[in-house]
>>> print(open('run_22.cif').read())   # mmCIF, C-alpha atoms
data_model
#
loop_
_atom_site.label_atom_id
_atom_site.label_comp_id
_atom_site.auth_asym_id
_atom_site.auth_seq_id
_atom_site.Cartn_x
_atom_site.Cartn_y
_atom_site.Cartn_z
CA MET A 186 0.00 0.00 0.00
CA SER A 187 2.65 2.49 1.05
CA LYS A 188 4.74 1.50 -1.92
CA LYS A 189 1.90 2.46 -4.20
CA ILE A 190 1.62 5.89 -2.56
CA PHE A 191 5.36 6.30 -2.79
CA LEU A 192 5.33 5.49 -6.49
CA LEU A 193 2.49 7.92 -7.02
CA LEU A 194 4.45 10.66 -5.27
CA VAL A 195 7.55 9.98 -7.33
CA PHE A 196 5.43 10.12 -10.43
CA ALA A 197 3.86 13.43 -9.38
CA PHE A 198 7.26 14.86 -8.60
CA PHE A 199 8.69 13.96 -11.99
CA PHE A 200 5.57 15.28 -13.65
CA VAL A 201 6.16 18.70 -12.09
CA ILE A 202 9.83 18.59 -13.06
CA ALA A 203 8.84 17.69 -16.62
CA ILE A 204 6.51 20.69 -16.80
CA PHE A 205 9.30 22.89 -15.49
CA PHE A 206 11.75 21.73 -18.16
CA TYR A 207 9.10 21.95 -20.84
CA LEU A 208 8.51 25.62 -20.00
CA LEU A 209 12.25 26.14 -19.95
CA VAL A 210 12.82 24.60 -23.36
CA ILE A 211 9.89 25.85 -25.47
CA GLU A 212 10.50 28.99 -27.40
CA ARG A 213 8.65 31.85 -25.85
CA ASP A 214 9.24 35.54 -26.00
CA PRO A 215 9.53 36.95 -22.47
CA SER A 216 8.85 40.45 -23.71
CA ASN A 217 5.46 39.33 -24.96
CA LEU A 218 3.39 40.16 -21.92
CA PRO A 219 -0.31 39.52 -21.54
CA SER A 220 -2.28 42.74 -21.64
CA GLN A 221 -4.53 43.63 -18.77
CA LEU A 222 -6.72 45.82 -20.95
CA ILE A 223 -8.03 43.25 -23.42
CA GLU A 224 -11.84 43.08 -23.28
CA LYS A 225 -11.93 46.27 -21.19
CA LYS A 226 -13.22 49.71 -22.08
CA VAL A 227 -10.73 52.24 -23.37
CA PRO A 228 -9.28 54.45 -20.64
CA ILE A 229 -10.76 57.92 -20.25
CA PHE A 230 -8.37 60.72 -21.12
CA ASN A 231 -8.28 64.26 -22.40
CA SER A 232 -5.45 65.92 -24.25
CA LYS A 233 -4.54 68.40 -26.96
CA LEU A 234 -4.49 67.49 -30.62
CA LEU A 235 -1.19 67.84 -32.42
CA PHE A 236 -2.25 69.86 -35.45
CA ASN A 237 -4.71 72.42 -34.14
CA SER A 238 -4.28 72.09 -30.37
CA GLU A 239 -7.99 71.46 -29.96
CA GLU A 240 -9.13 69.39 -27.00
CA PHE A 241 -9.47 65.65 -27.52
CA ILE A 242 -12.03 64.00 -25.26
CA SER A 243 -11.88 60.22 -25.31
CA THR A 244 -15.47 59.72 -24.21
CA SER A 245 -16.80 61.31 -27.39
CA GLU A 246 -14.56 59.11 -29.51
CA PHE A 247 -14.37 55.31 -29.91
CA LYS A 248 -17.98 54.96 -30.99
CA ASN A 249 -19.50 53.73 -34.24
CA ASN A 250 -16.15 52.80 -35.76
CA ILE A 251 -13.48 50.23 -35.30
CA THR A 252 -10.48 52.20 -34.09
CA VAL A 253 -6.78 51.48 -34.23
CA VAL A 254 -4.75 53.31 -31.60
CA ASN A 255 -1.06 53.64 -32.32
CA PHE A 256 1.51 55.06 -29.92
CA PHE A 257 4.44 56.59 -31.80
CA ALA A 258 7.21 59.16 -31.57
CA THR A 259 9.70 60.68 -33.97
CA TRP A 260 12.61 59.54 -31.81
CA CYS A 261 11.50 55.92 -32.08
CA ALA A 262 13.18 54.21 -35.02
CA PRO A 263 10.86 51.16 -35.21
CA CYS A 264 7.93 53.60 -35.47
CA ARG A 265 9.38 54.78 -38.78
CA ASP A 266 9.62 51.17 -39.96
CA GLU A 267 6.03 50.33 -39.14
CA HIS A 268 4.62 53.56 -40.57
CA LYS A 269 3.99 52.13 -44.03
CA TYR A 270 1.77 49.44 -42.53
CA ILE A 271 -0.25 52.05 -40.67
CA ILE A 272 -0.69 53.90 -43.96
CA GLU A 273 -1.86 50.60 -45.45
CA LEU A 274 -4.38 50.16 -42.60
CA SER A 275 -5.66 53.70 -43.11
CA LYS A 276 -6.74 52.86 -46.66
CA ASP A 277 -9.76 51.09 -45.18
CA SER A 278 -12.12 54.03 -44.77
CA SER A 279 -14.38 52.17 -42.34
CA ILE A 280 -11.75 52.19 -39.59
CA LYS A 281 -10.37 55.18 -37.74
CA ILE A 282 -6.72 55.38 -36.82
CA ILE A 283 -5.78 57.49 -33.84
CA GLY A 284 -2.14 58.29 -33.27
CA ILE A 285 -0.81 59.13 -29.84
CA ASN A 286 2.40 61.08 -30.05
CA TYR A 287 4.35 59.86 -27.04
CA LYS A 288 6.80 62.18 -25.25
CA ASP A 289 7.70 64.06 -28.37
CA ASN A 290 8.43 67.51 -29.67
CA PRO A 291 5.21 68.57 -31.46
CA ASN A 292 7.05 70.52 -34.18
CA LYS A 293 9.21 67.53 -34.99
CA ALA A 294 6.16 65.30 -35.06
CA ILE A 295 4.41 67.58 -37.57
CA VAL A 296 7.47 67.57 -39.86
CA TRP A 297 7.81 63.80 -39.48
CA LEU A 298 4.18 63.24 -40.46
CA LYS A 299 4.51 65.54 -43.45
CA GLU A 300 7.54 63.61 -44.61
CA LEU A 301 6.08 60.11 -44.11
CA LYS A 302 2.41 60.99 -44.79
CA ASN A 303 -0.19 61.23 -42.10
CA PRO A 304 -2.41 58.15 -41.87
CA TYR A 305 -4.05 59.28 -38.63
CA PHE A 306 -7.61 60.47 -38.27
CA LYS A 307 -6.50 62.39 -35.19
CA VAL A 308 -3.11 62.78 -33.54
CA ILE A 309 -3.12 63.30 -29.79
CA THR A 310 -0.16 64.62 -27.86
CA ASP A 311 1.03 62.81 -24.75
CA PRO A 312 3.99 64.97 -23.69
CA LYS A 313 4.52 63.32 -20.29
CA GLY A 314 3.54 59.77 -21.14
CA LYS A 315 0.52 59.84 -18.82
CA ILE A 316 -1.97 58.58 -21.38
CA ALA A 317 0.45 55.77 -22.20
CA ILE A 318 0.47 54.60 -18.58
CA ASP A 319 -3.34 54.51 -18.58
CA TRP A 320 -3.16 52.27 -21.62
CA GLY A 321 -0.58 50.00 -19.95
CA VAL A 322 2.05 50.95 -22.51
CA TYR A 323 5.65 50.21 -21.56
CA GLY A 324 7.61 50.58 -24.76
CA ILE A 325 6.51 52.16 -28.00
CA PRO A 326 5.49 51.41 -30.66
CA GLU A 327 2.36 49.76 -29.32
CA THR A 328 -0.85 49.34 -31.27
CA PHE A 329 -4.36 48.60 -29.99
CA LEU A 330 -7.47 47.47 -31.78
CA VAL A 331 -10.73 48.86 -30.35
CA ASN A 332 -14.17 47.74 -31.49
CA SER A 333 -17.04 50.12 -32.21
CA LYS A 334 -18.28 49.87 -28.64
CA GLY A 335 -15.00 51.12 -27.23
CA ILE A 336 -13.76 47.73 -26.00
CA ILE A 337 -10.07 46.95 -26.51
CA LYS A 338 -9.83 43.71 -28.45
CA TYR A 339 -6.19 43.26 -29.34
CA LYS A 340 -2.82 44.72 -28.51
CA HIS A 341 0.53 44.46 -30.19
CA VAL A 342 3.79 45.55 -28.55
CA GLY A 343 6.58 46.46 -30.96
CA PRO A 344 6.64 47.48 -34.60
CA ILE A 345 4.07 46.16 -37.05
CA ASN A 346 5.70 44.01 -39.73
CA LYS A 347 4.23 42.01 -42.56
CA ILE A 348 3.08 39.15 -40.35
CA ILE A 349 1.61 41.41 -37.70
CA TYR A 350 -0.06 43.51 -40.39
CA ARG A 351 -1.84 40.41 -41.70
CA LYS A 352 -2.86 39.58 -38.15
CA PHE A 353 -4.40 43.02 -37.78
CA ILE A 354 -6.26 42.67 -41.08
CA LYS A 355 -7.61 39.31 -39.93
CA LYS A 356 -8.71 40.67 -36.54
CA ILE A 357 -10.34 43.69 -38.16
CA SER A 358 -12.34 41.57 -40.59
CA MET A 359 -13.39 39.32 -37.70
CA LEU A 360 -14.58 42.33 -35.73
CA LYS A 361 -16.52 43.60 -38.74
CA LYS A 362 -18.24 40.23 -39.11
CA ASN A 363 -19.16 40.12 -35.42
CA GLU A 364 -20.54 43.62 -35.43
CA LYS A 365 -22.81 43.09 -38.40
CA ILE A 366 -24.73 40.36 -36.58
CA MET B 270 45.19 14.03 -3.30
CA LYS B 271 46.79 17.41 -3.85
CA LYS B 272 44.51 18.06 -6.81
CA PHE B 273 41.50 17.53 -4.64
CA ASN B 274 42.74 20.05 -2.08
CA PHE B 275 43.16 22.66 -4.74
CA LEU B 276 39.62 22.09 -6.00
CA HIS B 277 38.34 22.17 -2.47
CA TYR B 278 40.09 25.48 -1.93
CA ILE B 279 38.50 27.01 -5.02
CA ILE B 280 35.01 25.85 -4.10
CA THR B 281 35.15 27.10 -0.51
CA SER B 282 36.65 30.42 -1.49
CA SER B 283 34.06 31.00 -4.19
CA ILE B 284 31.26 30.16 -1.76
CA PHE B 285 32.79 32.58 0.69
CA LEU B 286 33.02 35.21 -2.03
CA ILE B 287 29.36 34.82 -2.93
CA PHE B 288 28.34 35.41 0.67
CA ALA B 289 30.78 38.26 1.15
CA LEU B 290 29.46 40.03 -1.93
CA ASN B 291 25.96 39.64 -0.61
CA ILE B 292 26.83 41.12 2.77
CA PHE B 293 28.63 44.09 1.32
CA HIS B 294 26.11 44.47 -1.45
CA PHE B 295 25.65 48.18 -1.92
CA ASN B 296 22.11 49.15 -2.55
CA THR B 297 22.47 50.80 -5.91
CA PHE B 298 19.25 52.50 -6.84
CA ALA B 299 18.25 54.56 -9.79
CA VAL B 300 16.06 57.13 -8.08
CA GLU B 301 17.33 60.58 -8.93
CA PRO B 302 17.47 63.40 -6.37
CA ASP B 303 14.92 65.50 -8.22
CA GLU B 304 12.36 62.75 -7.73
CA PHE B 305 12.52 62.77 -3.92
CA LEU B 306 9.50 63.84 -1.97
CA ILE B 307 10.13 66.44 0.75
CA ASP B 308 8.26 64.49 3.42
CA LYS B 309 10.58 61.67 4.50
CA LYS B 310 7.76 59.36 5.53
CA GLN B 311 6.07 59.73 2.16
CA GLU B 312 9.38 59.26 0.36
CA SER B 313 10.10 56.02 2.21
CA ARG B 314 6.60 54.80 1.36
CA ALA B 315 7.25 55.57 -2.29
CA ARG B 316 10.55 53.68 -2.13
CA ASP B 317 8.90 50.67 -0.50
CA ILE B 318 6.24 50.50 -3.20
CA SER B 319 8.79 51.01 -6.00
CA LYS B 320 10.85 48.09 -4.71
CA LYS B 321 7.88 45.78 -5.19
CA ILE B 322 7.03 46.92 -8.71
CA ARG B 323 8.63 45.23 -11.69
CA CYS B 324 10.23 47.24 -14.44
CA LEU B 325 8.46 45.95 -17.53
CA ILE B 326 11.44 46.44 -19.78
CA CYS B 327 14.19 44.96 -17.62
CA GLN B 328 11.72 42.50 -16.06
CA ASN B 329 13.89 41.20 -13.24
CA GLN B 330 14.59 44.61 -11.79
CA SER B 331 12.30 46.67 -9.66
CA ILE B 332 11.49 50.14 -10.86
CA ASP B 333 13.48 51.34 -7.87
CA ASP B 334 16.63 49.81 -9.40
CA SER B 335 15.92 50.47 -13.03
CA GLU B 336 17.00 53.41 -15.09
CA ALA B 337 14.56 52.70 -17.89
CA GLN B 338 12.33 55.61 -18.81
CA ILE B 339 9.13 53.74 -18.00
CA ALA B 340 10.51 52.95 -14.54
CA LYS B 341 11.11 56.63 -13.94
CA ASP B 342 7.59 57.47 -15.10
CA LEU B 343 6.06 54.86 -12.81
CA ARG B 344 8.15 56.08 -9.87
CA SER B 345 6.94 59.60 -10.38
CA ILE B 346 3.33 58.50 -10.77
CA ILE B 347 3.60 56.57 -7.47
CA ARG B 348 4.83 59.76 -5.80
CA VAL B 349 2.03 61.81 -7.34
CA LYS B 350 -0.51 59.29 -6.02
CA ILE B 351 1.05 59.46 -2.55
CA LEU B 352 0.81 63.25 -2.58
CA GLU B 353 -2.82 62.90 -3.63
CA GLY B 354 -3.33 60.94 -0.41
CA LYS B 355 -3.88 57.52 -1.99
CA LYS B 356 -3.32 54.43 0.14
CA ASP B 357 -0.74 51.78 -0.77
CA ASP B 358 -3.44 49.31 -1.83
CA GLU B 359 -4.99 51.88 -4.13
CA ILE B 360 -1.63 52.53 -5.76
CA TYR B 361 -1.00 48.80 -6.29
CA LYS B 362 -4.47 48.49 -7.78
CA PHE B 363 -3.83 51.43 -10.09
CA LEU B 364 -0.72 49.68 -11.40
CA THR B 365 -2.14 46.16 -11.69
CA ASP B 366 -5.26 47.49 -13.45
CA ARG B 367 -2.98 48.74 -16.19
CA TYR B 368 -0.07 46.32 -16.25
CA GLY B 369 -1.52 43.17 -14.69
CA ASP B 370 -0.20 41.08 -11.80
CA PHE B 371 3.04 40.74 -13.72
CA VAL B 372 3.98 44.22 -12.57
CA LEU B 373 4.24 42.92 -8.99
CA LEU B 374 7.61 41.31 -8.32
CA SER B 375 6.08 38.69 -6.03
CA PRO B 376 2.94 37.12 -7.43
CA PRO B 377 -0.20 37.57 -5.31
CA ILE B 378 -1.68 34.56 -3.50
CA LYS B 379 -4.90 33.67 -5.31
CA LYS B 380 -6.57 30.62 -6.81
CA SER B 381 -4.46 30.56 -9.96
CA THR B 382 -1.22 30.81 -7.99
CA TYR B 383 -1.98 28.35 -5.16
CA ALA B 384 0.18 25.69 -6.83
CA LEU B 385 3.05 28.12 -7.18
CA TRP B 386 2.95 29.13 -3.52
CA PHE B 387 2.08 25.88 -1.77
CA LEU B 388 3.59 23.07 -3.84
CA PRO B 389 7.11 23.68 -2.46
CA PHE B 390 5.81 23.26 1.11
CA ILE B 391 3.86 20.17 0.17
CA PHE B 392 6.90 18.67 -1.52
CA SER B 393 9.20 19.40 1.40
CA VAL B 394 6.73 17.88 3.86
CA MET B 395 6.45 14.84 1.61
CA GLY B 396 10.23 14.61 1.50
CA LEU B 397 10.52 14.80 5.29
CA ILE B 398 7.89 12.11 5.74
CA THR B 399 9.70 9.83 3.31
CA ILE B 400 13.01 10.32 5.10
CA PHE B 401 11.50 9.68 8.54
CA ARG B 402 9.69 6.56 7.37
CA HIS B 403 12.82 5.29 5.74
CA ASN B 404 14.85 5.85 8.90
CA TYR B 405 12.17 4.28 11.05
CA LYS B 406 12.06 1.18 8.91
CA SER B 407 15.82 0.73 8.73
CA GLN B 408 16.10 1.11 12.52
CA LYS B 409 13.45 -1.49 13.01
CA LYS B 410 15.43 -3.93 10.90
CA LYS B 411 18.41 -3.58 13.21
#
>>> encode(input="run_22.cif", output="structure tokens")
Amino acid sequence: MSKKIFLLLVFAFFFVIAIFFYLLVIERDPSNLPSQLIEKKVPIFNSKLLFNSEEFISTSEFKNNITVVNFFATWCAPCRDEHKYIIELSKDSSIKIIGINYKDNPNKAIVWLKELKNPYFKVITDPKGKIAIDWGVYGIPETFLVNSKGIIKYKHVGPINKIIYRKFIKKISMLKKNEKI
Amino acid sequence: MKKFNFLHYIITSSIFLIFALNIFHFNTFAVEPDEFLIDKKQESRARDISKKIRCLICQNQSIDDSEAQIAKDLRSIIRVKILEGKKDDEIYKFLTDRYGDFVLLSPPIKKSTYALWFLPFIFSVMGLITIFRHNYKSQKKK
């Protein structure tokens, strides 16, 4: 009887060890953190717009349209790399793209957007990075997908590349399908 | 035999070194003087909270140790919250609402982490029981 229990314990122990080594060996990206904000409402924030310094009030936005929120800055090199994909996304007129200019010099940002084209429906300034903290951002570029009810559905940390771009297109078409029903 | 002594010497001295370095470990922190709060009690509260918050870029550092920009931002937001009169729990909640439990350096005890917290105790108790039973049996044989 006790031998059986002992064997069971040994088995359980090795099972745990096996799980440990499995987690150690499989390829996973430690910088890929789960987002706390998925399936939650967008944070409430107010700020100035980049181009005409009008007030942006989040509560009157994020309705009726699927919105892509992209945190960027001119000093961020990967933001330059992903810009063409954001321009690509902006070609779909049914989605709104909101840019949040993170800790940046507004004049530089205006020049940068003139040079690379401006895909954004609105560009909001976040000079002190406060809005970013409300969105759980820890390293730009970060891009969020928000449905037409203002619920955050997807988040990507890091620059958008070809693969991620396709992922976004897939998610957007899925959202569109869901919202029609 | 001589070879063994040499090896022995290296092992003991390196163990000693590890402990010595730990004892004389200088607490290097990244908080800059302009971030300090005037009230010392509030400042020490801010430091205590910062030590328990993970820097999301360096991941195994607390924001108190890290010089990453996000760490600095979080440190200053903790201080702002303290000045606003928020309690520690409210500040932790503010951070975990945005960055998840991952932002806490030690995971909270809740249903999904019971295994993480209690399995080591269970295993050590099981180990002790096995050793005692083994000893008991072998003594009986004598």
>>> closest_residue(input="run_22.cif", among="B:Phe288, B:Phe371, B:Tyr405, B:Phe390", to="chain A", atoms="all atoms listed in the file")
B:Phe371
>>> resolve_selection(input="run_22.cif", expression="the PyMOL selection byres ((chain A) within 12 of (chain B))", output="VMD selection string")
chain A and resid 187 to 188 190 to 195 197 to 199 201 to 202 205 215 to 223 225 to 228 287 to 288 312 to 325 342
>>> atom_distance(input="run_22.cif", atom1="atom CA of A:Phe236", atom2="atom CA of A:Pro304")
13.4 Å
>>> residues_around(input="run_22.cif", residues="stretch 264-266 of chain A", least_positions_apart="4", cutoff="8 Å", atoms="all atoms listed in the file", output="PyMOL selection string")
chain A and resi 257-259+325-326+344
>>> write_last_selection(input="run_22.cif", atoms="C-alpha atoms", output="short mmCIF file (atom, residue, chain, number, x, y, z; two decimals), in the coordinates of the input")
data_model
loop_
_atom_site.label_atom_id
_atom_site.label_comp_id
_atom_site.auth_asym_id
_atom_site.auth_seq_id
_atom_site.Cartn_x
_atom_site.Cartn_y
_atom_site.Cartn_z
CA PHE A 257 4.44 56.59 -31.80
CA ALA A 258 7.21 59.16 -31.57
CA THR A 259 9.70 60.68 -33.97
CA ILE A 325 6.51 52.16 -28.00
CA PRO A 326 5.49 51.41 -30.66
CA PRO A 344 6.64 47.48 -34.60
#
>>> atom_distance(input="run_22.cif", atom1="atom CA of A:Ser238", atom2="atom CA of A:Ala262")
25.4 Å
>>> residues_around(input="run_22.cif", residues="stretch 353-357 of chain B", least_positions_apart="6", cutoff="10 Å", atoms="only C-alpha atoms", output="list in words")
Gln311, Arg314, Ala315, Asp317, Ile318, Ile347 and Phe363 of chain B
>>> write_last_selection(input="run_22.cif", atoms="C-alpha atoms", output="PDB file, in the frame of the given file")
ATOM      1  CA  GLN B 311       6.070  59.730   2.160  1.00  0.00           C
ATOM      2  CA  ARG B 314       6.600  54.800   1.360  1.00  0.00           C
ATOM      3  CA  ALA B 315       7.250  55.570  -2.290  1.00  0.00           C
ATOM      4  CA  ASP B 317       8.900  50.670  -0.500  1.00  0.00           C
ATOM      5  CA  ILE B 318       6.240  50.500  -3.200  1.00  0.00           C
ATOM      6  CA  ILE B 347       3.600  56.570  -7.470  1.00  0.00           C
ATOM      7  CA  PHE B 363      -3.830  51.430 -10.090  1.00  0.00           C
TER       8      PHE B 363
END
>>> residues_around(input="run_22.cif", residues="A:Ile285", least_positions_apart="6", cutoff="6 Å", atoms="only C-alpha atoms", output="list of chain:residue names")
A:Phe256, A:Val308, A:Ile309, A:Thr310
>>> closest_residue(input="run_22.cif", among="A:Phe247, A:Val253, A:Pro291, A:Phe200", to="A:Lys356", atoms="only C-alpha atoms")
A:Val253
>>> atom_distance(input="run_22.cif", atom1="atom CA of A:Lys340", atom2="atom CA of A:Glu224")
10.6 Å
>>> resolve_selection(input="run_22.cif", expression="the PyMOL selection byres ((chain A and resi 251) around 12)", output="ChimeraX atom specification")
/A:246-250,252-254,274-275,277-283,329-339,353-354,356-364
>>> closest_residue(input="run_22.cif", among="B:Ser375, B:Ser282, B:Thr382, B:Ser345", to="B:Ile322", atoms="only C-alpha atoms")
B:Ser375
>>> resolve_selection(input="run_22.cif", expression="the PyMOL selection byres ((chain B and resi 374) around 8)", output="list of chain:residue names")
B:Lys321, B:Ile322, B:Arg323, B:Asn329, B:Ser331, B:Phe371, B:Val372, B:Leu373, B:Ser375, B:Pro376
>>> residues_around(input="run_22.cif", residues="B:Phe305", least_positions_apart="3", cutoff="10 Å", atoms="all atoms listed in the file", output="short mmCIF file (atom, residue, chain, number, x, y, z; two decimals) with C-alpha atoms, in the frame of the given file")
data_model
loop_
_atom_site.label_atom_id
_atom_site.label_comp_id
_atom_site.auth_asym_id
_atom_site.auth_seq_id
_atom_site.Cartn_x
_atom_site.Cartn_y
_atom_site.Cartn_z
CA VAL B 300 16.06 57.13 -8.08
CA GLU B 301 17.33 60.58 -8.93
CA PRO B 302 17.47 63.40 -6.37
CA ASP B 308 8.26 64.49 3.42
CA LYS B 309 10.58 61.67 4.50
CA GLN B 311 6.07 59.73 2.16
CA GLU B 312 9.38 59.26 0.36
CA SER B 313 10.10 56.02 2.21
CA ALA B 315 7.25 55.57 -2.29
CA ARG B 316 10.55 53.68 -2.13
CA ARG B 344 8.15 56.08 -9.87
CA SER B 345 6.94 59.60 -10.38
CA ARG B 348 4.83 59.76 -5.80
#
>>> build_atoms(input="run_22.cif", residues="stretch 220-232 of chain A", atoms="N, CA and C atoms", output="compact mmCIF listing (two decimals), in the frame of the given file")
# COMPACT_ATOMS: atom_id res chain seq x y z
N SER A 220 -1.78 41.40 -21.94
CA SER A 220 -2.28 42.74 -21.64
C SER A 220 -3.46 42.66 -20.70
N GLN A 221 -3.47 43.57 -19.77
CA GLN A 221 -4.53 43.63 -18.77
C GLN A 221 -5.78 44.24 -19.37
N LEU A 222 -5.61 44.99 -20.47
CA LEU A 222 -6.72 45.82 -20.95
C LEU A 222 -7.61 45.15 -21.98
N ILE A 223 -7.21 43.94 -22.43
CA ILE A 223 -8.03 43.25 -23.42
C ILE A 223 -9.42 42.99 -22.84
N GLU A 224 -10.44 43.23 -23.67
CA GLU A 224 -11.84 43.08 -23.28
C GLU A 224 -12.29 44.14 -22.26
N LYS A 225 -11.50 45.18 -22.09
CA LYS A 225 -11.93 46.27 -21.19
C LYS A 225 -12.22 47.51 -22.02
N LYS A 226 -12.93 48.44 -21.41
CA LYS A 226 -13.22 49.71 -22.08
C LYS A 226 -11.96 50.55 -22.21
N VAL A 227 -11.91 51.38 -23.22
CA VAL A 227 -10.73 52.24 -23.37
C VAL A 227 -10.65 53.21 -22.19
N PRO A 228 -9.42 53.51 -21.75
CA PRO A 228 -9.28 54.45 -20.64
C PRO A 228 -9.82 55.84 -21.02
N ILE A 229 -10.26 56.56 -20.01
CA ILE A 229 -10.76 57.92 -20.25
C ILE A 229 -9.59 58.90 -20.16
N PHE A 230 -9.45 59.72 -21.16
CA PHE A 230 -8.37 60.72 -21.12
C PHE A 230 -8.71 61.92 -21.98
N ASN A 231 -8.15 63.04 -21.61
CA ASN A 231 -8.28 64.26 -22.40
C ASN A 231 -6.89 64.76 -22.72
N SER A 232 -6.73 65.32 -23.91
CA SER A 232 -5.45 65.92 -24.25
C SER A 232 -5.60 66.83 -25.45
